[in-house]
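Q: Quick one, work-v3.cif (mmCIF, C-alpha atoms):
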data_work
loop_
_atom_site.group_PDB
_atom_site.id
_atom_site.type_symbol
_atom_site.label_atom_id
_atom_site.label_comp_id
_atom_site.auth_asym_id
_atom_site.auth_seq_id
_atom_site.Cartn_x
_atom_site.Cartn_y
_atom_site.Cartn_z
ATOM 1 C CA MET A 198 2.300 -42.765 -1.551
ATOM 2 C CA LYS A 199 3.736 -44.311 -4.707
ATOM 3 C CA LEU A 200 6.756 -42.517 -6.210
ATOM 4 C CA VAL A 201 7.567 -42.603 -9.919
ATOM 5 C CA PRO A 202 10.280 -41.026 -12.115
ATOM 6 C CA LEU A 203 9.395 -37.549 -13.324
ATOM 7 C CA ASN A 204 9.489 -38.684 -16.942
ATOM 8 C CA ASN A 205 6.586 -41.057 -16.239
ATOM 9 C CA LEU A 206 4.358 -37.993 -15.926
ATOM 10 C CA PHE A 207 6.004 -35.502 -18.281
ATOM 11 C CA ASP A 208 7.624 -35.393 -21.699
ATOM 12 C CA ILE A 209 10.945 -33.725 -20.893
ATOM 13 C CA LYS A 210 13.233 -32.031 -23.402
ATOM 14 C CA TYR A 211 15.648 -29.136 -23.709
ATOM 15 C CA GLY A 212 14.234 -25.715 -24.519
ATOM 16 C CA SER A 213 15.282 -23.392 -27.338
ATOM 17 C CA GLN A 214 18.807 -22.908 -25.904
ATOM 18 C CA PHE A 215 18.996 -19.425 -27.425
ATOM 19 C CA ASP A 216 21.515 -16.735 -26.519
ATOM 20 C CA LEU A 217 19.656 -13.545 -25.690
ATOM 21 C CA TYR A 218 22.153 -11.325 -27.515
ATOM 22 C CA LYS A 219 21.170 -13.018 -30.789
ATOM 23 C CA LEU A 220 17.495 -12.098 -30.346
ATOM 24 C CA ASP A 221 15.674 -8.791 -30.718
ATOM 25 C CA VAL A 222 14.285 -7.510 -27.423
ATOM 26 C CA SER A 223 10.824 -6.026 -27.936
ATOM 27 C CA GLU A 224 8.411 -4.842 -25.241
ATOM 28 C CA GLU A 225 5.651 -4.998 -27.852
ATOM 29 C CA SER A 226 6.115 -8.739 -28.387
ATOM 30 C CA LYS A 227 4.005 -11.415 -26.709
ATOM 31 C CA ILE A 228 6.910 -13.880 -26.555
ATOM 32 C CA ASN A 229 8.772 -14.150 -23.239
ATOM 33 C CA PHE A 230 12.429 -15.112 -22.875
ATOM 34 C CA VAL A 231 12.973 -17.542 -19.971
ATOM 35 C CA SER A 232 16.437 -17.762 -18.443
ATOM 36 C CA ARG A 233 18.005 -19.461 -15.409
ATOM 37 C CA SER A 234 16.481 -16.950 -13.016
ATOM 38 C CA SER A 235 14.459 -17.547 -9.861
ATOM 39 C CA GLN A 236 12.462 -14.342 -10.285
ATOM 40 C CA ASN A 237 9.424 -13.415 -12.413
ATOM 41 C CA LEU A 238 8.823 -17.039 -13.509
ATOM 42 C CA GLY A 239 12.327 -16.985 -14.980
ATOM 43 C CA VAL A 240 11.256 -14.352 -17.534
ATOM 44 C CA VAL A 241 13.864 -11.644 -18.153
ATOM 45 C CA CYS A 242 12.333 -9.816 -21.127
ATOM 46 C CA LYS A 243 10.140 -10.085 -24.222
ATOM 47 C CA VAL A 244 11.634 -10.882 -27.632
ATOM 48 C CA SER A 245 10.525 -10.869 -31.246
ATOM 49 C CA LYS A 246 9.871 -14.137 -33.056
ATOM 50 C CA TYR A 247 13.121 -15.719 -34.208
ATOM 51 C CA LYS A 248 12.983 -16.631 -37.908
ATOM 52 C CA ASN A 249 10.530 -19.536 -38.325
ATOM 53 C CA VAL A 250 11.015 -20.950 -34.824
ATOM 54 C CA GLU A 251 7.703 -21.289 -32.997
ATOM 55 C CA PRO A 252 7.763 -20.410 -29.282
ATOM 56 C CA TYR A 253 6.738 -22.963 -26.671
ATOM 57 C CA PRO A 254 3.097 -22.664 -25.587
ATOM 58 C CA ALA A 255 1.816 -21.263 -22.298
ATOM 59 C CA GLY A 256 0.943 -23.828 -19.641
ATOM 60 C CA VAL A 257 4.086 -25.987 -19.731
ATOM 61 C CA ILE A 258 6.706 -26.077 -16.968
ATOM 62 C CA THR A 259 10.282 -24.794 -17.243
ATOM 63 C CA VAL A 260 13.096 -26.086 -15.011
ATOM 64 C CA THR A 261 16.605 -24.629 -14.703
ATOM 65 C CA LEU A 262 19.380 -27.231 -14.825
ATOM 66 C CA GLY A 263 22.322 -25.408 -13.254
ATOM 67 C CA GLY A 264 23.652 -22.248 -11.667
ATOM 68 C CA SER A 265 22.632 -20.566 -8.420
ATOM 69 C CA TYR A 266 18.929 -21.134 -9.085
ATOM 70 C CA LEU A 267 19.151 -24.848 -9.882
ATOM 71 C CA LEU A 268 15.757 -26.554 -10.295
ATOM 72 C CA SER A 269 13.741 -23.330 -10.224
ATOM 73 C CA SER A 270 10.449 -24.548 -11.690
ATOM 74 C CA PHE A 271 7.645 -22.417 -13.125
ATOM 75 C CA ILE A 272 4.423 -22.727 -15.093
ATOM 76 C CA GLN A 273 4.818 -20.359 -18.028
ATOM 77 C CA GLN A 274 1.895 -18.005 -18.573
ATOM 78 C CA SER A 275 2.709 -16.872 -22.131
ATOM 79 C CA PRO A 276 4.447 -18.311 -25.233
ATOM 80 C CA PHE A 277 8.228 -18.295 -24.758
ATOM 81 C CA TYR A 278 11.749 -19.164 -25.847
ATOM 82 C CA THR A 279 14.432 -20.305 -23.385
ATOM 83 C CA ALA A 280 18.086 -19.685 -22.674
ATOM 84 C CA GLN A 281 20.688 -22.447 -22.307
ATOM 85 C CA ASN A 282 20.244 -25.176 -19.667
ATOM 86 C CA VAL A 283 16.489 -24.940 -19.300
ATOM 87 C CA LYS A 284 14.233 -27.968 -19.814
ATOM 88 C CA ILE A 285 10.578 -28.027 -20.826
ATOM 89 C CA LEU A 286 8.113 -30.359 -19.069
ATOM 90 C CA THR A 287 4.864 -31.134 -20.885
ATOM 91 C CA PRO A 288 2.299 -33.264 -18.992
ATOM 92 C CA LYS A 289 1.583 -36.596 -20.703
ATOM 93 C CA ASN A 290 -2.015 -36.421 -19.498
ATOM 94 C CA ASN A 291 -4.365 -33.557 -18.709
ATOM 95 C CA MET A 292 -3.141 -31.809 -15.582
ATOM 96 C CA SER A 293 -4.725 -28.937 -13.628
ATOM 97 C CA PHE A 294 -2.896 -25.778 -12.663
ATOM 98 C CA ASN A 295 -2.738 -26.934 -9.026
ATOM 99 C CA GLU A 296 -1.238 -30.258 -10.020
ATOM 100 C CA LYS A 297 1.472 -28.494 -12.018
ATOM 101 C CA VAL A 298 2.257 -26.219 -9.055
ATOM 102 C CA PHE A 299 2.560 -29.294 -6.833
ATOM 103 C CA TYR A 300 5.093 -30.913 -9.177
ATOM 104 C CA CYS A 301 7.056 -27.653 -9.486
ATOM 105 C CA LYS A 302 7.506 -27.734 -5.713
ATOM 106 C CA CYS A 303 8.419 -31.437 -5.751
ATOM 107 C CA ILE A 304 11.176 -30.691 -8.268
ATOM 108 C CA GLU A 305 12.530 -27.741 -6.263
ATOM 109 C CA TYR A 306 12.618 -29.824 -3.073
ATOM 110 C CA ASN A 307 15.246 -32.029 -4.770
ATOM 111 C CA ARG A 308 17.847 -29.241 -4.743
ATOM 112 C CA PHE A 309 19.682 -30.868 -1.847
ATOM 113 C CA ARG A 310 20.803 -33.593 -4.245
ATOM 114 C CA TYR A 311 22.866 -31.086 -6.203
ATOM 115 C CA THR A 312 24.614 -29.088 -3.477
ATOM 116 C CA SER A 313 28.087 -30.068 -4.687
ATOM 117 C CA HIS A 314 29.669 -27.279 -6.720
ATOM 118 C CA GLY A 315 29.513 -28.054 -10.412
ATOM 119 C CA ARG A 316 26.879 -30.784 -10.125
ATOM 120 C CA GLU A 317 23.965 -29.995 -12.414
ATOM 121 C CA ALA A 318 20.672 -31.725 -13.164
ATOM 122 C CA ASN A 319 20.876 -31.965 -16.952
ATOM 123 C CA ILE A 320 21.054 -35.780 -16.960
ATOM 124 C CA THR A 321 19.299 -36.796 -13.740
ATOM 125 C CA LEU A 322 16.234 -34.516 -13.821
ATOM 126 C CA ASP A 323 14.186 -37.067 -15.786
ATOM 127 C CA ASN A 324 14.597 -39.667 -13.046
ATOM 128 C CA ILE A 325 13.796 -37.549 -9.978
ATOM 129 C CA LEU A 326 11.148 -39.422 -7.979
ATOM 130 C CA VAL A 327 7.834 -37.638 -7.390
ATOM 131 C CA PRO A 328 4.395 -38.766 -6.162
ATOM 132 C CA GLU A 329 2.400 -40.491 -8.883
ATOM 133 C CA LYS A 330 -0.740 -38.639 -7.770
ATOM 134 C CA VAL A 331 -1.224 -35.237 -6.171
ATOM 135 C CA PRO A 332 -2.677 -35.483 -2.636
ATOM 136 C CA TYR A 333 -6.298 -34.378 -2.557
ATOM 137 C CA ARG A 334 -5.641 -31.543 -0.087
ATOM 138 C CA TYR A 335 -3.596 -29.686 -2.722
ATOM 139 C CA LEU A 336 -6.211 -29.817 -5.458
ATOM 140 C CA ASN A 337 -8.591 -27.173 -4.091
ATOM 141 C CA ILE A 338 -6.053 -24.506 -3.105
ATOM 142 C CA LYS A 339 -6.718 -21.371 -5.139
ATOM 143 C CA THR A 340 -3.190 -21.022 -6.521
ATOM 144 C CA ASP A 341 -4.450 -19.695 -9.834
ATOM 145 C CA THR A 342 -5.408 -16.433 -8.123
ATOM 146 C CA LEU A 343 -1.696 -15.670 -7.938
ATOM 147 C CA PHE A 344 -1.955 -14.600 -11.568
ATOM 148 C CA ASP A 345 -4.927 -12.289 -11.017
ATOM 149 C CA LEU A 346 -2.504 -9.450 -10.259
ATOM 150 C CA ASP A 347 -3.073 -6.101 -11.872
ATOM 151 C CA ARG A 348 -0.693 -5.970 -14.841
ATOM 152 C CA LYS A 349 -0.939 -2.194 -15.205
ATOM 153 C CA PRO A 350 1.978 0.082 -14.335
ATOM 154 C CA ILE A 351 1.467 2.880 -11.816
ATOM 155 C CA ASN A 352 2.649 5.391 -14.403
ATOM 156 C CA ASN A 353 1.829 5.029 -18.096
ATOM 157 C CA ILE A 354 4.949 6.950 -19.100
ATOM 158 C CA LYS A 355 7.614 4.737 -20.700
ATOM 159 C CA ILE A 356 11.033 5.368 -19.182
ATOM 160 C CA ALA A 357 14.253 4.011 -20.704
ATOM 161 C CA LEU A 358 17.240 3.251 -18.481
ATOM 162 C CA GLY A 359 19.441 4.980 -21.010
ATOM 163 C CA ASN A 360 17.679 8.284 -20.361
ATOM 164 C CA SER A 361 19.745 8.835 -17.236
ATOM 165 C CA THR A 362 23.436 9.367 -16.559
ATOM 166 C CA TRP A 363 24.921 6.497 -14.569
ATOM 167 C CA GLU A 364 27.812 6.674 -12.104
ATOM 168 C CA TYR A 365 29.508 4.373 -9.604
ATOM 169 C CA PHE A 366 28.807 4.974 -5.917
ATOM 170 C CA PRO A 367 30.291 3.224 -2.847
ATOM 171 C CA LEU A 368 27.746 0.840 -1.359
ATOM 172 C CA SER A 369 28.834 2.031 2.096
ATOM 173 C CA GLN A 370 27.808 5.573 1.127
ATOM 174 C CA LEU A 371 24.244 4.394 0.659
ATOM 175 C CA PHE A 372 23.904 1.840 3.465
ATOM 176 C CA LYS A 373 25.160 0.812 6.863
ATOM 177 C CA ILE A 374 26.346 -2.748 6.319
ATOM 178 C CA LYS A 375 25.694 -4.919 9.364
ATOM 179 C CA GLY A 376 25.025 -8.502 10.335
ATOM 180 C CA THR A 377 21.776 -9.922 11.657
ATOM 181 C CA LYS A 378 21.136 -12.015 14.749
ATOM 182 C CA THR A 379 21.138 -15.711 13.857
ATOM 183 C CA THR A 380 17.889 -17.354 14.976
ATOM 184 C CA PRO A 381 17.534 -21.160 14.779
ATOM 185 C CA VAL A 382 14.306 -22.519 13.301
ATOM 186 C CA LEU A 383 13.702 -24.589 16.453
ATOM 187 C CA GLU A 384 13.583 -21.388 18.479
ATOM 188 C CA LEU A 385 11.130 -19.825 16.028
ATOM 189 C CA GLU A 386 8.876 -22.864 16.203
ATOM 190 C CA GLU A 387 8.505 -22.270 19.930
ATOM 191 C CA TYR A 388 6.970 -18.865 19.168
ATOM 192 C CA GLY A 389 4.664 -20.412 16.561
ATOM 193 C CA LYS A 390 3.550 -19.277 13.126
ATOM 194 C CA GLY A 391 2.965 -15.574 12.631
ATOM 195 C CA LYS A 392 3.352 -12.644 10.261
ATOM 196 C CA TYR A 393 7.111 -11.969 10.459
ATOM 197 C CA PRO A 394 9.341 -13.458 7.706
ATOM 198 C CA TYR A 395 12.253 -15.766 8.433
ATOM 199 C CA VAL A 396 14.978 -14.730 5.971
ATOM 200 C CA THR A 397 17.589 -17.275 4.914
ATOM 201 C CA THR A 398 20.371 -17.483 2.318
ATOM 202 C CA GLN A 399 18.113 -19.091 -0.306
ATOM 203 C CA ALA A 400 17.901 -17.163 -3.588
ATOM 204 C CA THR A 401 14.170 -17.720 -4.099
ATOM 205 C CA ASN A 402 10.958 -16.334 -2.589
ATOM 206 C CA ASN A 403 12.726 -13.137 -1.463
ATOM 207 C CA GLY A 404 14.922 -15.275 0.796
ATOM 208 C CA VAL A 405 11.918 -16.054 3.003
ATOM 209 C CA GLU A 406 11.451 -19.563 4.390
ATOM 210 C CA GLY A 407 8.382 -19.260 6.605
ATOM 211 C CA PHE A 408 6.602 -16.761 8.838
ATOM 212 C CA TYR A 409 6.715 -16.739 12.643
ATOM 213 C CA ASP A 410 5.448 -14.740 15.605
ATOM 214 C CA TYR A 411 8.894 -13.309 16.369
ATOM 215 C CA TYR A 412 11.448 -10.915 14.895
ATOM 216 C CA THR A 413 14.899 -9.547 15.695
ATOM 217 C CA GLU A 414 15.443 -7.048 12.847
ATOM 218 C CA GLU A 415 13.540 -3.970 11.734
ATOM 219 C CA GLY A 416 12.088 -3.811 8.220
ATOM 220 C CA ASN A 417 12.610 -1.490 5.242
ATOM 221 C CA VAL A 418 16.120 -2.825 4.679
ATOM 222 C CA LEU A 419 17.902 -4.922 2.067
ATOM 223 C CA THR A 420 19.223 -8.341 3.047
ATOM 224 C CA VAL A 421 22.205 -10.025 1.400
ATOM 225 C CA ASP A 422 23.288 -13.668 1.443
ATOM 226 C CA SER A 423 26.922 -13.706 2.565
ATOM 227 C CA ALA A 424 27.231 -17.494 2.356
ATOM 228 C CA ILE A 425 28.081 -17.499 -1.350
ATOM 229 C CA LEU A 426 26.786 -15.229 -4.120
ATOM 230 C CA GLY A 427 25.323 -12.180 -2.416
ATOM 231 C CA TYR A 428 21.652 -12.616 -3.372
ATOM 232 C CA CYS A 429 19.911 -9.384 -2.373
ATOM 233 C CA SER A 430 16.232 -8.869 -1.522
ATOM 234 C CA TYR A 431 14.046 -6.177 0.001
ATOM 235 C CA GLN A 432 12.467 -6.821 3.391
ATOM 236 C CA PRO A 433 9.600 -4.392 4.068
ATOM 237 C CA LEU A 434 8.561 -6.071 7.348
ATOM 238 C CA PRO A 435 10.405 -6.794 10.601
ATOM 239 C CA PHE A 436 12.045 -10.229 10.312
ATOM 240 C CA SER A 437 14.314 -12.833 11.838
ATOM 241 C CA ALA A 438 17.218 -14.431 10.007
ATOM 242 C CA SER A 439 19.382 -17.512 9.641
ATOM 243 C CA ASP A 440 23.187 -17.508 9.640
ATOM 244 C CA HIS A 441 25.050 -15.594 6.878
ATOM 245 C CA VAL A 442 22.321 -13.014 6.297
ATOM 246 C CA GLU A 443 23.629 -9.443 6.260
ATOM 247 C CA LYS A 444 21.474 -6.320 6.213
ATOM 248 C CA LEU A 445 21.889 -3.032 4.389
ATOM 249 C CA ILE A 446 20.314 -0.211 6.428
ATOM 250 C CA PRO A 447 19.613 2.803 4.178
ATOM 251 C CA GLU A 448 21.306 6.107 4.969
ATOM 252 C CA PHE A 449 18.559 7.819 2.959
ATOM 253 C CA ASN A 450 14.760 7.819 2.889
ATOM 254 C CA MET A 451 14.236 4.520 1.036
ATOM 255 C CA ASN A 452 10.839 3.396 -0.249
ATOM 256 C CA LYS A 453 9.946 0.045 -1.771
ATOM 257 C CA TYR A 454 10.356 1.236 -5.368
ATOM 258 C CA VAL A 455 13.903 2.495 -4.864
ATOM 259 C CA ALA A 456 14.675 -0.619 -2.813
ATOM 260 C CA LEU A 457 13.598 -2.910 -5.671
ATOM 261 C CA PHE A 458 15.668 -0.934 -8.166
ATOM 262 C CA ILE A 459 18.844 -1.057 -6.050
ATOM 263 C CA SER A 460 18.433 -4.719 -5.071
ATOM 264 C CA THR A 461 18.226 -5.598 -8.780
ATOM 265 C CA ILE A 462 21.475 -3.727 -9.444
ATOM 266 C CA ILE A 463 23.190 -5.500 -6.542
ATOM 267 C CA ASN A 464 22.013 -8.886 -7.861
ATOM 268 C CA ALA A 465 23.577 -8.070 -11.228
ATOM 269 C CA GLU A 466 26.949 -8.074 -9.412
ATOM 270 C CA GLN A 467 26.713 -11.729 -8.358
ATOM 271 C CA TYR A 468 29.241 -12.796 -10.995
ATOM 272 C CA ARG A 469 31.922 -11.282 -8.742
ATOM 273 C CA TYR A 470 31.380 -13.925 -6.065
ATOM 274 C CA ASN A 471 31.716 -17.707 -5.823
ATOM 275 C CA TYR A 472 32.404 -20.478 -3.321
ATOM 276 C CA GLY A 473 35.964 -19.270 -2.796
ATOM 277 C CA ARG A 474 35.145 -15.569 -2.805
ATOM 278 C CA LYS A 475 32.028 -15.007 -0.745
ATOM 279 C CA CYS A 476 30.036 -11.796 -0.532
ATOM 280 C CA CYS A 477 31.110 -10.866 3.012
ATOM 281 C CA GLN A 478 30.635 -7.537 4.824
ATOM 282 C CA GLU A 479 34.220 -6.465 4.176
ATOM 283 C CA ARG A 480 33.886 -6.931 0.404
ATOM 284 C CA MET A 481 30.543 -5.153 0.377
ATOM 285 C CA ARG A 482 32.034 -2.142 2.186
ATOM 286 C CA LYS A 483 34.666 -1.906 -0.531
ATOM 287 C CA SER A 484 32.260 -2.400 -3.416
ATOM 288 C CA HIS A 485 30.709 0.187 -5.745
ATOM 289 C CA ILE A 486 27.441 -0.059 -7.661
ATOM 290 C CA LYS A 487 26.422 1.839 -10.775
ATOM 291 C CA LEU A 488 23.246 3.898 -10.360
ATOM 292 C CA PRO A 489 21.388 6.704 -12.154
ATOM 293 C CA SER A 490 22.745 10.086 -11.093
ATOM 294 C CA ASP A 491 21.855 13.735 -11.380
ATOM 295 C CA ASN A 492 24.896 16.033 -11.309
ATOM 296 C CA GLY A 493 26.914 13.463 -9.387
ATOM 297 C CA VAL A 494 24.138 12.696 -6.861
ATOM 298 C CA HIS A 495 22.071 9.488 -6.687
ATOM 299 C CA ASP A 496 18.901 10.048 -8.690
ATOM 300 C CA PHE A 497 16.371 8.280 -6.472
ATOM 301 C CA GLU A 498 13.495 10.030 -8.218
ATOM 302 C CA PHE A 499 14.456 8.420 -11.540
ATOM 303 C CA MET A 500 14.780 4.987 -9.892
ATOM 304 C CA GLU A 501 11.319 5.253 -8.370
ATOM 305 C CA SER A 502 9.771 6.507 -11.612
ATOM 306 C CA TYR A 503 11.351 3.667 -13.589
ATOM 307 C CA ILE A 504 9.967 0.952 -11.287
ATOM 308 C CA LYS A 505 6.531 2.605 -11.366
ATOM 309 C CA SER A 506 6.608 2.525 -15.176
ATOM 310 C CA LEU A 507 6.976 -1.277 -15.305
ATOM 311 C CA PRO A 508 4.106 -3.728 -15.860
ATOM 312 C CA TYR A 509 2.652 -5.086 -12.591
ATOM 313 C CA SER A 510 4.056 -2.155 -10.574
ATOM 314 C CA SER A 511 0.534 -1.348 -9.408
ATOM 315 C CA SER A 512 0.556 -4.731 -7.622
ATOM 316 C CA ILE A 513 3.768 -4.068 -5.661
#
So that I can check it, write out the structure of this file as structure tokens.
A:
Amino acid sequence: MKLVPLNNLFDIKYGSQFDLYKLDVSEESKINFVSRSSQNLGVVCKVSKYKNVEPYPAGVITVTLGGSYLLSSFIQQSPFYTAQNVKILTPKNNMSFNEKVFYCKCIEYNRFRYTSHGREANITLDNILVPEKVPYRYLNIKTDTLFDLDRKPINNIKIALGNSTWEYFPLSQLFKIKGTKTTPVLELEEYGKGKYPYVTTQATNNGVEGFYDYYTEEGNVLTVDSAILGYCSYQPLPFSASDHVEKLIPEFNMNKYVALFISTIINAEQYRYNYGRKCCQERMRKSHIKLPSDNGVHDFEFMESYIKSLPYSSSI
């Protein structure tokens, strides 16, 4: 298979490099704002058109150049602006959706080249080597059906986060904070592929890196990466785990909507952690998170209603 530099196949340039605080957030707009996130195609909100600046068109690829989600690569489905340190890849020749997905994965598989702290891909991205042609077996996979999700919310009532009182609560009041059993991949391969997720410390794909016919942990819990930044995700199914994966076992009747709300709040706290100050169990037990409250009590009903009011919630 012949390998060529990425810029042989794509025109590569920096995105808008806008600061979100300078833009007007508008749920009525059709323009997305793409940041250095690994979730929701990197889209964090919708914004109004900025002066006479035209947004980038749907169908191009965005790639993050630094941070915890380095080289997260997505095909954008709507017109968009970008935050700092995001590059835009436009195919030089006609390229199918499946081909673009293939190259997104090729880019992400180069993360190992940037594991050193502080090493970003702003200069070297253009020269990453990728296959010149997409193998035939990838061309007929129905990846485009991923975007056939129902965009409707469960509830048509618009709920603003500011409509609730917010208070800080100890994380240990909400969850038992425990470790998971470390299971090597070689051991999982002996059981074979199956339906149970293998959760790792990666901050993409809900932390999941494969499915096997074996599990050690019960589902309906939150998992947290204690290796570095404390990436949190919801695990509805029984699962196995790699090293440095902690679990938060709810001390209340948690459903998937409340779990998604709380995991998002926990992920907003990642700025507190770094390579020298990891998100370990001890720090989590001492930490507090800010949540909607009703007379000093966690308002789980509001959290659930808010998630159900969001677009795509009917596909959760």
Q: Select, from A:Thr380, A:Ser430, A:Asn417, A:Asn229, the residue with the minimum atom-to-atom distance to Gln399 of chain A, counting only C-alpha atoms.
A: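 The closest residue to Gln399 of chain A is A:Ser430.
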Q: Quick one: of A:Gly263, A:Gly389, A:Gly493, A:Pro332, who's nearest to Tyr365 of chain A, counting only C-alpha atoms?
A: A:Gly493
Q: Suppose you want the space between atom CA of Leu426 of chain A and atom CA of Thr413 of chain A; what is it in Å?
A: 23.8 Å
Q: Would you write out, as a list in words, every residue that the PyMOL selection byres ((chain A and resi 273) around 8) captures in this file?
A: Leu238, Ala255, Gly256, Val257, Ile258, Thr259, Phe271, Ile272, Gln274, Ser275, Pro276 and Phe277 of chain A
Q: Could you tell me, as an mmCIF file with C-alpha atoms, keeping the file's coordinate frame, exactly which residues end up selected when the PyMOL selection byres ((chain A and resi 368) around 7) is applied to this structure?
A:
data_model
loop_
_atom_site.group_PDB
_atom_site.id
_atom_site.type_symbol
_atom_site.label_atom_id
_atom_site.label_comp_id
_atom_site.auth_asym_id
_atom_site.auth_seq_id
_atom_site.Cartn_x
_atom_site.Cartn_y
_atom_site.Cartn_z
ATOM 1 C CA PHE A 366 28.807 4.974 -5.917
ATOM 2 C CA PRO A 367 30.291 3.224 -2.847
ATOM 3 C CA SER A 369 28.834 2.031 2.096
ATOM 4 C CA GLN A 370 27.808 5.573 1.127
ATOM 5 C CA LEU A 371 24.244 4.394 0.659
ATOM 6 C CA PHE A 372 23.904 1.840 3.465
ATOM 7 C CA MET A 481 30.543 -5.153 0.377
ATOM 8 C CA ARG A 482 32.034 -2.142 2.186
ATOM 9 C CA SER A 484 32.260 -2.400 -3.416
ATOM 10 C CA HIS A 485 30.709 0.187 -5.745
ATOM 11 C CA ILE A 486 27.441 -0.059 -7.661
#
Q: Could you list, as a PDB file with C-alpha atoms, keeping the file's coordinate frame, every residue within 9 Å of Glu225 of chain A, counting all atoms listed in the file and ignoring same-chain residues fewer than 4 positions away?
A:
ATOM      1  CA  LYS A 243      10.140 -10.085 -24.222  1.00  0.00           C
ATOM      2  CA  VAL A 244      11.634 -10.882 -27.632  1.00  0.00           C
ATOM      3  CA  SER A 245      10.525 -10.869 -31.246  1.00  0.00           C
TER       4      SER A 245
END
Q: At a cut-off of 10 Å around the point (20.1, -19.7, -27.9) (file coordinates), what residues fall inside when counting all atoms listed in the file? I'd like the answer as an mmCIF file with C-alpha atoms, in the coordinates of the input.
A:
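Done, and the output landed in part22.cif:
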data_model
loop_
_atom_site.group_PDB
_atom_site.id
_atom_site.type_symbol
_atom_site.label_atom_id
_atom_site.label_comp_id
_atom_site.auth_asym_id
_atom_site.auth_seq_id
_atom_site.Cartn_x
_atom_site.Cartn_y
_atom_site.Cartn_z
ATOM 1 C CA GLY A 212 14.234 -25.715 -24.519
ATOM 2 C CA SER A 213 15.282 -23.392 -27.338
ATOM 3 C CA GLN A 214 18.807 -22.908 -25.904
ATOM 4 C CA PHE A 215 18.996 -19.425 -27.425
ATOM 5 C CA ASP A 216 21.515 -16.735 -26.519
ATOM 6 C CA LEU A 217 19.656 -13.545 -25.690
ATOM 7 C CA TYR A 218 22.153 -11.325 -27.515
ATOM 8 C CA LYS A 219 21.170 -13.018 -30.789
ATOM 9 C CA LEU A 220 17.495 -12.098 -30.346
ATOM 10 C CA TYR A 278 11.749 -19.164 -25.847
ATOM 11 C CA THR A 279 14.432 -20.305 -23.385
ATOM 12 C CA ALA A 280 18.086 -19.685 -22.674
ATOM 13 C CA GLN A 281 20.688 -22.447 -22.307
ATOM 14 C CA ASN A 282 20.244 -25.176 -19.667
#
Q: If we count only C-alpha atoms, what is near segment 298-307 of chain A at a cut-off of 7 Å, once residues fewer than 6 positions away on the same chain are taken out, given as a list of chain:residue names?
A: A:Leu268, A:Ser269, A:Ser270, A:Phe271, A:Val327
Q: Restrict the selected residues to C-alpha atoms and save them as an mmCIF file, keeping the file's coordinate frame.
A:
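Result went into again.cif, see below:
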data_model
loop_
_atom_site.group_PDB
_atom_site.id
_atom_site.type_symbol
_atom_site.label_atom_id
_atom_site.label_comp_id
_atom_site.auth_asym_id
_atom_site.auth_seq_id
_atom_site.Cartn_x
_atom_site.Cartn_y
_atom_site.Cartn_z
ATOM 1 C CA LEU A 268 15.757 -26.554 -10.295
ATOM 2 C CA SER A 269 13.741 -23.330 -10.224
ATOM 3 C CA SER A 270 10.449 -24.548 -11.690
ATOM 4 C CA PHE A 271 7.645 -22.417 -13.125
ATOM 5 C CA VAL A 327 7.834 -37.638 -7.390
#
Q: Can you spell out as a ChimeraX atom specification the set of residues that the PyMOL selection byres ((chain A and resi 465-477) around 10) selects in the structure I just provided?
A: /A:265,314,374,376,421-429,441-443,459-464,478-482,484-486
Q: Which value, in Å to one decimal, gives the distance between atom CA of Glu329 of chain A and atom CA of Lys199 of chain A?
A: 5.8 Å
Q: With 3 Å on each side, where is the centre of the axis-aligned box around all listed atoms of segment 354-369 of chain A, and how long are its edges in Å to one decimal, as lines of an AutoDock Vina configuration file?
A:
center_x = 17.6
center_y = 5.1
center_z = -9.5
size_x = 31.3
size_y = 14.5
size_z = 29.1
Q: List every protein, DNA or RNA residue that has at least one atom no more than 9 Å from (7.0, -17.4, 18.6) in the file's coordinates, counting all atoms listed in the file, and write the result as a ChimeraX atom specification.
A: /A:384-391,409-412
Q: Please provide the set of residues having any atom within 9 Å of Leu336 of chain A, restricted to all atoms listed in the file, with same-chain residues fewer than 2 positions apart removed, written as a VMD selection string.
A: chain A and resid 293 to 296 299 331 to 334 338 to 339
Q: Hey, what's within 8 Å of Gln432 of chain A if we count only C-alpha atoms and toss same-chain stuff fewer than 2 positions away? As a PyMOL selection string, please?
A: chain A and resi 403+416-420+430+434-436
Q: Which of these, A:Ser232, A:Ser226, A:Asn319, A:Thr362, has the shortest distance to Phe499 of chain A once you count all atoms listed in the file?
A: A:Thr362
Q: Using all atoms listed in the file, can you tell me which of A:Tyr431, A:Phe207, A:Tyr509, A:Phe408 comes closest to Asn291 of chain A?
A: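 Looking at the shortest contact to Asn291 of chain A, the residue is A:Phe207.
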Q: Could you please determine the separation between atom CA of Asn492 of chain A and atom CA of Ile356 of chain A in Å, to one decimal place?
A: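 Between these atoms lies a distance of 19.2 Å.
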Q: Lys349 of chain A: which residues within 9 Å, counting all atoms listed in the file, same-chain residues fewer than 2 positions away excluded, as a list in words?
A: Leu346, Asp347, Ile351, Asn352, Asn353, Ser506, Leu507, Pro508, Tyr509, Ser510, Ser511 and Ser512 of chain A
